[in-house]
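Undergrad: Structure below; questions to follow.
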Amino acid sequence: MKGRRGWGRIVCFMLAFAIIAGLAPISLAEKIPDPEGVEYDANGYLIVDNQGSLEKKIKEAKDLGVEVTLSEVKEAPVHVRDAEANGLMNKLADHNTEEIAKLDKAIEEQIKHNAAYEGALKDSLLQMLGDHWDYEAVKKFILTKEEQEMNETVQLAKMVEKMTTASVITASPETKYIEEKSKITEKDWFAAGDHLYYEKLFKDGKTGNWVDVDITFESFKDPNGNPKEKIQWYNYTIYGFLKDKPWFCYRLNDARLRVDFKDHATGEPVEVRPIIAVVDIDETQGVGLDNPGNYRVLYGKNISPDEKNPQIYRSNNEEDPKQGIYKEHWVLFTSEPTASFTYTFYHQTTKYADVIQGIGGDAVKYTPPEDKLQKEKVEITLKNQPIYHKVTYEFVGDGPKGVEAPVDETKYLLNQELKPLYPESPVKDSRGTWTFKGWFEDKELTKPLFAKKSSEEPSNTTRMALFATVTDDSAKPAHPVNLDEKIYGGWELSPNTPPAPSTPDTPEVPEDPAPPVEPGQVEETKEEPTKPAEKTEEGKKEVEKKPKKKPLSPNTGDRTDMVVWALILIGTMVGLVYVQVKRRKETR
């Protein structure tokens, strides 16, 4: 019994398999995967193994101060299957190796230049800062947090780069106050909106060009924090503001000021990498940088952050007796390149009747090293090798004789929209009129590529390249090509209508009179020889109209479908036989 059950299970399994196979789709849209090992980026450019190494080496060289000039060369597109076969990937990798070698050489030389420049850099800083801050403290002031985490070689390169391009904001011997470009609303007063213009305040450390500044009084508050519209000059006949220097003398109060950098030659805003020195911060006074927000700060021993507001740096109840000479009363700010900054000078007490404050001062002096930093220069060529895909066409089922599927010569770059080629339609032959159904993703012609053809498509396309859209939503791509693929088309036949059969008019012919029959004579009947029945024209038409055999499956009727349905029939018959045999044996 076990053996019989085993055979029964096998037969049932075969039957189930045949049924499932018959119901499953025979074929889907044929999208051919790219060759293994061939990769490309979002732009459709080939990627080789050392591509990332070249990009990292470029960044390393720039970080160390090498002047890297990049140029891109775009090669002619190549079919994705020819990239490796033609050795293009190896050629691209070899080119990258050569460029990496050039960068390595430049990096090695630039490290030597930076090391030689470090001594001169320290000497220049000592001139301005003295021995109040050591070199490590200055590095934390100049470098960002991310840069401070880099290795020592890169940190030195960053210090050299930033200090050689930094601008110390303080008056120069050539600084002049320009009354015509300034505005003072009321004599003896600074009002909100008043501004003072100074030309040639400093030279841009990067370009060496003179920079002017326009200083605007934005707002004021009294020692109790109440807003004020204006503040009075203090002893204006002597001070008021020091001519040709951005220093201001006024009675008490907090003052918020904006400093805008202008190119001296053009008067246009210009970005600089600032080192802002605010000096002579006495008892009860303080300073805070309001903008830009990504600043770094370096302050003297007699300065500390305010307990309530750490963004304000106040004096520790001591006074600078020489108005800016003592670095213990300095606060320095720096930031990445900016075209302006805003600061507030605080004086929240009634102990003193006046304020003297400003930017820089006679004690703030910085002279960059005389010898310029030597820079390595290297030109790097980036080769971009675009790839393309192909689209092929195939007709499914019956169609007009002599009409072949179009051949698409388009080189489809990555995600480029398909431009379908349409055959001439309709086409007439001896069987009737053939109409082209369109292009589909599957051989069963159930998934059309384009739900709606372009309004520009003529009725008779004669194999013209046409665009089509999927829907009325123009934002959606029609059909992006990102793999080699094959699309399918089919034809629909409208048979010729046969002419109606006609019967010719034949005149009636009278029969010959039979000869008389004599008495006793038997009438003889002549038998005409039997002739085969002639086929009428209608009969011939019936033969011609005999319908062709329908395919055994609802698909295309190819051999694959016939085999599947044959499996279904065989499985069904075997199952029925097995059931009958089993019943007979059970009744014995």
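Naming works like this for the structure tokens: A, B, ... for the chains as they're shown, residue 1 at the start of each chain, ligands 1 onward in shown order.
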Would you please extract all strand (DSSP E or B) residues from stretch 200-268 of chain A, as assigned by DSSP on the backbone, and give them as a ChimeraX atom specification?
TA: /A:200-203,210-221,227-228,230-233,241,247-250,254-263
Undergrad: Set the distance at 12 Å and use only C-alpha atoms: which residues neighbour A:Glu283 once local chain neighbours fewer than 5 positions away are removed? I'd like the list as a list in words.
TA: Asn302, Ile303, Ser304, Tyr313, Arg314, Ser315, Asn316, Asn317, Glu318, Glu319, Asp320, Pro321, His329, Tyr346, His347, Gln348, Thr349, Thr350, Lys351, Tyr352 and Val355 of chain A
Undergrad: With distances taken over only C-alpha atoms, which of A:Thr338, A:Asp214, A:Leu103, A:His195 is nearest to A:Gly267?
TA: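 Looking only at the distances to A:Gly267, the closest residue turns out to be A:Asp214.
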Undergrad: So how far away is atom CA of A:Leu332 from atom CA of A:Thr367, in Å?
TA: 16.7 Å
Undergrad: What does the distance between atom CA of A:Tyr299 and atom CA of A:Ala255 come to in Å, to one decimal place?
TA: 20.5 Å
Undergrad: I want to know what sits within 10 Å of A:Leu54, based on only C-alpha atoms, with residues of the same chain fewer than 6 positions away left out; could you give that as number ranges by chain?
TA: A: 60, 93, 96-101, 103, 380, 382
Undergrad: Extract, using only C-alpha atoms, all DNA, RNA and protein residues at most 9 Å from A:Glu218, discarding same-chain residues fewer than 3 positions from it, and format them as a short mmCIF file (atom, residue, chain, number, x, y, z; two decimals) with all heavy atoms, in the first residue's frame.
TA:
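Writing the result to selection_16.cif gives the following:
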data_model
loop_
_atom_site.label_atom_id
_atom_site.label_comp_id
_atom_site.auth_asym_id
_atom_site.auth_seq_id
_atom_site.Cartn_x
_atom_site.Cartn_y
_atom_site.Cartn_z
N ALA A 191 23.45 108.71 17.04
CA ALA A 191 22.07 108.21 16.97
C ALA A 191 22.05 106.86 16.24
O ALA A 191 22.95 106.55 15.46
CB ALA A 191 21.19 109.20 16.23
N ALA A 192 21.03 106.07 16.55
CA ALA A 192 20.87 104.78 15.87
C ALA A 192 20.75 105.02 14.37
O ALA A 192 19.93 105.82 13.93
CB ALA A 192 19.65 104.05 16.39
N GLY A 193 21.60 104.36 13.59
CA GLY A 193 21.62 104.55 12.15
C GLY A 193 22.77 105.41 11.67
O GLY A 193 23.10 105.39 10.47
N ASP A 194 23.40 106.17 12.56
CA ASP A 194 24.58 106.93 12.17
C ASP A 194 25.72 105.97 11.82
O ASP A 194 25.82 104.88 12.39
CB ASP A 194 25.03 107.86 13.31
CG ASP A 194 24.12 109.09 13.45
OD1 ASP A 194 23.19 109.22 12.63
OD2 ASP A 194 24.34 109.87 14.39
N HIS A 195 26.57 106.41 10.90
CA HIS A 195 27.69 105.53 10.55
C HIS A 195 28.92 106.36 10.20
O HIS A 195 28.82 107.51 9.75
CB HIS A 195 27.32 104.60 9.41
CG HIS A 195 27.01 105.27 8.12
ND1 HIS A 195 27.91 105.43 7.10
CD2 HIS A 195 25.86 105.87 7.69
CE1 HIS A 195 27.34 106.06 6.08
NE2 HIS A 195 26.11 106.35 6.42
N ALA A 255 26.44 99.79 23.52
CA ALA A 255 26.32 100.16 22.10
C ALA A 255 26.55 98.93 21.23
O ALA A 255 27.53 98.21 21.41
CB ALA A 255 27.32 101.25 21.75
N ARG A 256 25.63 98.75 20.27
CA ARG A 256 25.74 97.65 19.30
C ARG A 256 26.14 98.24 17.96
O ARG A 256 25.46 99.13 17.44
CB ARG A 256 24.42 96.89 19.19
CG ARG A 256 24.48 95.61 18.35
CD ARG A 256 23.17 94.84 18.47
NE ARG A 256 23.26 93.51 17.89
CZ ARG A 256 22.90 93.19 16.65
NH1 ARG A 256 22.42 94.13 15.85
NH2 ARG A 256 23.01 91.95 16.23
N LEU A 257 27.25 97.71 17.36
CA LEU A 257 27.79 98.28 16.13
C LEU A 257 27.99 97.18 15.08
O LEU A 257 28.37 96.05 15.41
CB LEU A 257 29.14 98.96 16.39
CG LEU A 257 29.16 100.11 17.40
CD1 LEU A 257 29.49 99.58 18.79
CD2 LEU A 257 30.20 101.15 17.00
N ARG A 258 27.73 97.55 13.82
CA ARG A 258 27.97 96.65 12.69
C ARG A 258 29.13 97.18 11.86
O ARG A 258 29.16 98.38 11.54
CB ARG A 258 26.73 96.51 11.81
CG ARG A 258 26.88 95.41 10.74
CD ARG A 258 25.69 95.29 9.84
NE ARG A 258 25.64 96.35 8.84
CZ ARG A 258 24.74 97.31 8.80
NH1 ARG A 258 23.78 97.36 9.72
NH2 ARG A 258 24.76 98.25 7.86
#
Undergrad: Point out the residue among A:Thr392, A:Gln374, A:Thr410, A:Asn90 with the least atom-to-atom distance to A:Thr164, counting only C-alpha atoms.
TA: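 Ranking A:Thr392, A:Gln374, A:Thr410, A:Asn90 by distance to A:Thr164, first place goes to A:Gln374.
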Undergrad: Kindly indicate which residue among A:Leu125, A:Ala83, A:Val66, A:Leu46 lies nearest to A:Val378, using only C-alpha atoms for the distances.
TA: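 Checking each of A:Leu125, A:Ala83, A:Val66, A:Leu46 against A:Val378, counting only C-alpha atoms, the winner is A:Val66.
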Undergrad: Could you give me, as number ranges by chain, the residues within 10 Å of A:Asp254, counting only C-alpha atoms and dropping anything in the same chain fewer than 5 positions from it?
TA: A: 219-228, 231, 285-287, 344-348, 355
Undergrad: Measure the distance from atom CA of A:Phe202 to atom CA of A:Ser172 in Å and round it to one decimal.
TA: 6.0 Å
Undergrad: Which of these, A:Glu199, A:Asp34, A:Glu174, A:Glu229, has the shortest distance to A:His79 once you count only C-alpha atoms?
TA: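 Nearest to A:His79: A:Asp34.
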Undergrad: Would you give me, as an MDAnalysis selection string, the residues in stretch 92-185 of chain A that DSSP reads as alpha helix (DSSP H)?
TA: chainID A and resid 92:129 135:142 145:148 152:165
Undergrad: For the selection you just gave me, I'd like the residues written to a file as a PDB file, in the first residue's frame, keeping C-alpha atoms.
TA:
ATOM      1  CA  LEU A  92      40.998  54.451 -16.931  1.00  0.00           C
ATOM      2  CA  ALA A  93      42.617  52.845 -13.873  1.00  0.00           C
ATOM      3  CA  ASP A  94      46.101  53.363 -15.356  1.00  0.00           C
ATOM      4  CA  HIS A  95      45.347  57.047 -15.963  1.00  0.00           C
ATOM      5  CA  ASN A  96      44.205  57.486 -12.340  1.00  0.00           C
ATOM      6  CA  THR A  97      47.416  55.835 -11.142  1.00  0.00           C
ATOM      7  CA  GLU A  98      49.484  58.383 -13.073  1.00  0.00           C
ATOM      8  CA  GLU A  99      47.511  61.303 -11.589  1.00  0.00           C
ATOM      9  CA  ILE A 100      47.901  59.911  -8.057  1.00  0.00           C
ATOM     10  CA  ALA A 101      51.671  59.732  -8.564  1.00  0.00           C
ATOM     11  CA  LYS A 102      51.739  63.423  -9.571  1.00  0.00           C
ATOM     12  CA  LEU A 103      49.814  64.349  -6.429  1.00  0.00           C
ATOM     13  CA  ASP A 104      52.106  62.297  -4.179  1.00  0.00           C
ATOM     14  CA  LYS A 105      55.127  64.175  -5.479  1.00  0.00           C
ATOM     15  CA  ALA A 106      53.471  67.569  -4.937  1.00  0.00           C
ATOM     16  CA  ILE A 107      52.390  66.586  -1.408  1.00  0.00           C
ATOM     17  CA  GLU A 108      55.911  65.555  -0.458  1.00  0.00           C
ATOM     18  CA  GLU A 109      57.332  68.922  -1.544  1.00  0.00           C
ATOM     19  CA  GLN A 110      54.551  70.966   0.072  1.00  0.00           C
ATOM     20  CA  ILE A 111      55.154  69.326   3.460  1.00  0.00           C
ATOM     21  CA  LYS A 112      58.761  70.575   3.267  1.00  0.00           C
ATOM     22  CA  HIS A 113      57.625  74.125   2.388  1.00  0.00           C
ATOM     23  CA  ASN A 114      55.163  74.199   5.318  1.00  0.00           C
ATOM     24  CA  ALA A 115      57.781  73.023   7.823  1.00  0.00           C
ATOM     25  CA  ALA A 116      60.211  75.712   6.701  1.00  0.00           C
ATOM     26  CA  TYR A 117      57.517  78.385   7.038  1.00  0.00           C
ATOM     27  CA  GLU A 118      56.449  77.386  10.578  1.00  0.00           C
ATOM     28  CA  GLY A 119      59.329  79.220  12.268  1.00  0.00           C
ATOM     29  CA  ALA A 120      58.613  82.480  10.468  1.00  0.00           C
ATOM     30  CA  LEU A 121      54.922  82.141  11.332  1.00  0.00           C
ATOM     31  CA  LYS A 122      55.639  81.780  15.064  1.00  0.00           C
ATOM     32  CA  ASP A 123      57.866  84.861  14.986  1.00  0.00           C
ATOM     33  CA  SER A 124      55.128  86.966  13.371  1.00  0.00           C
ATOM     34  CA  LEU A 125      52.585  85.901  15.976  1.00  0.00           C
ATOM     35  CA  LEU A 126      55.000  86.700  18.800  1.00  0.00           C
ATOM     36  CA  GLN A 127      55.233  90.248  17.488  1.00  0.00           C
ATOM     37  CA  MET A 128      51.492  90.790  17.959  1.00  0.00           C
ATOM     38  CA  LEU A 129      50.666  88.515  20.908  1.00  0.00           C
ATOM     39  CA  TYR A 135      51.522  78.594  20.171  1.00  0.00           C
ATOM     40  CA  GLU A 136      49.124  75.801  21.173  1.00  0.00           C
ATOM     41  CA  ALA A 137      46.592  78.337  22.449  1.00  0.00           C
ATOM     42  CA  VAL A 138      46.868  80.257  19.185  1.00  0.00           C
ATOM     43  CA  LYS A 139      46.317  77.033  17.183  1.00  0.00           C
ATOM     44  CA  LYS A 140      43.062  76.381  19.066  1.00  0.00           C
ATOM     45  CA  PHE A 141      42.047  79.956  18.302  1.00  0.00           C
ATOM     46  CA  ILE A 142      42.837  79.781  14.584  1.00  0.00           C
ATOM     47  CA  LYS A 145      37.337  71.848  16.052  1.00  0.00           C
ATOM     48  CA  GLU A 146      37.415  69.550  13.032  1.00  0.00           C
ATOM     49  CA  GLU A 147      40.835  70.837  11.989  1.00  0.00           C
ATOM     50  CA  GLN A 148      42.197  70.380  15.517  1.00  0.00           C
ATOM     51  CA  GLU A 152      50.022  67.432  12.993  1.00  0.00           C
ATOM     52  CA  THR A 153      51.098  67.767   9.360  1.00  0.00           C
ATOM     53  CA  VAL A 154      47.636  68.895   8.240  1.00  0.00           C
ATOM     54  CA  GLN A 155      47.228  71.160  11.292  1.00  0.00           C
ATOM     55  CA  LEU A 156      50.436  72.968  10.376  1.00  0.00           C
ATOM     56  CA  ALA A 157      49.250  73.344   6.778  1.00  0.00           C
ATOM     57  CA  LYS A 158      45.943  74.803   7.970  1.00  0.00           C
ATOM     58  CA  MET A 159      47.695  77.219  10.332  1.00  0.00           C
ATOM     59  CA  VAL A 160      49.974  78.389   7.542  1.00  0.00           C
ATOM     60  CA  GLU A 161      47.061  78.786   5.126  1.00  0.00           C
ATOM     61  CA  LYS A 162      44.853  80.730   7.536  1.00  0.00           C
ATOM     62  CA  MET A 163      47.531  83.004   8.958  1.00  0.00           C
ATOM     63  CA  THR A 164      48.856  83.902   5.517  1.00  0.00           C
ATOM     64  CA  THR A 165      45.336  84.878   4.416  1.00  0.00           C
TER      65      THR A 165
END
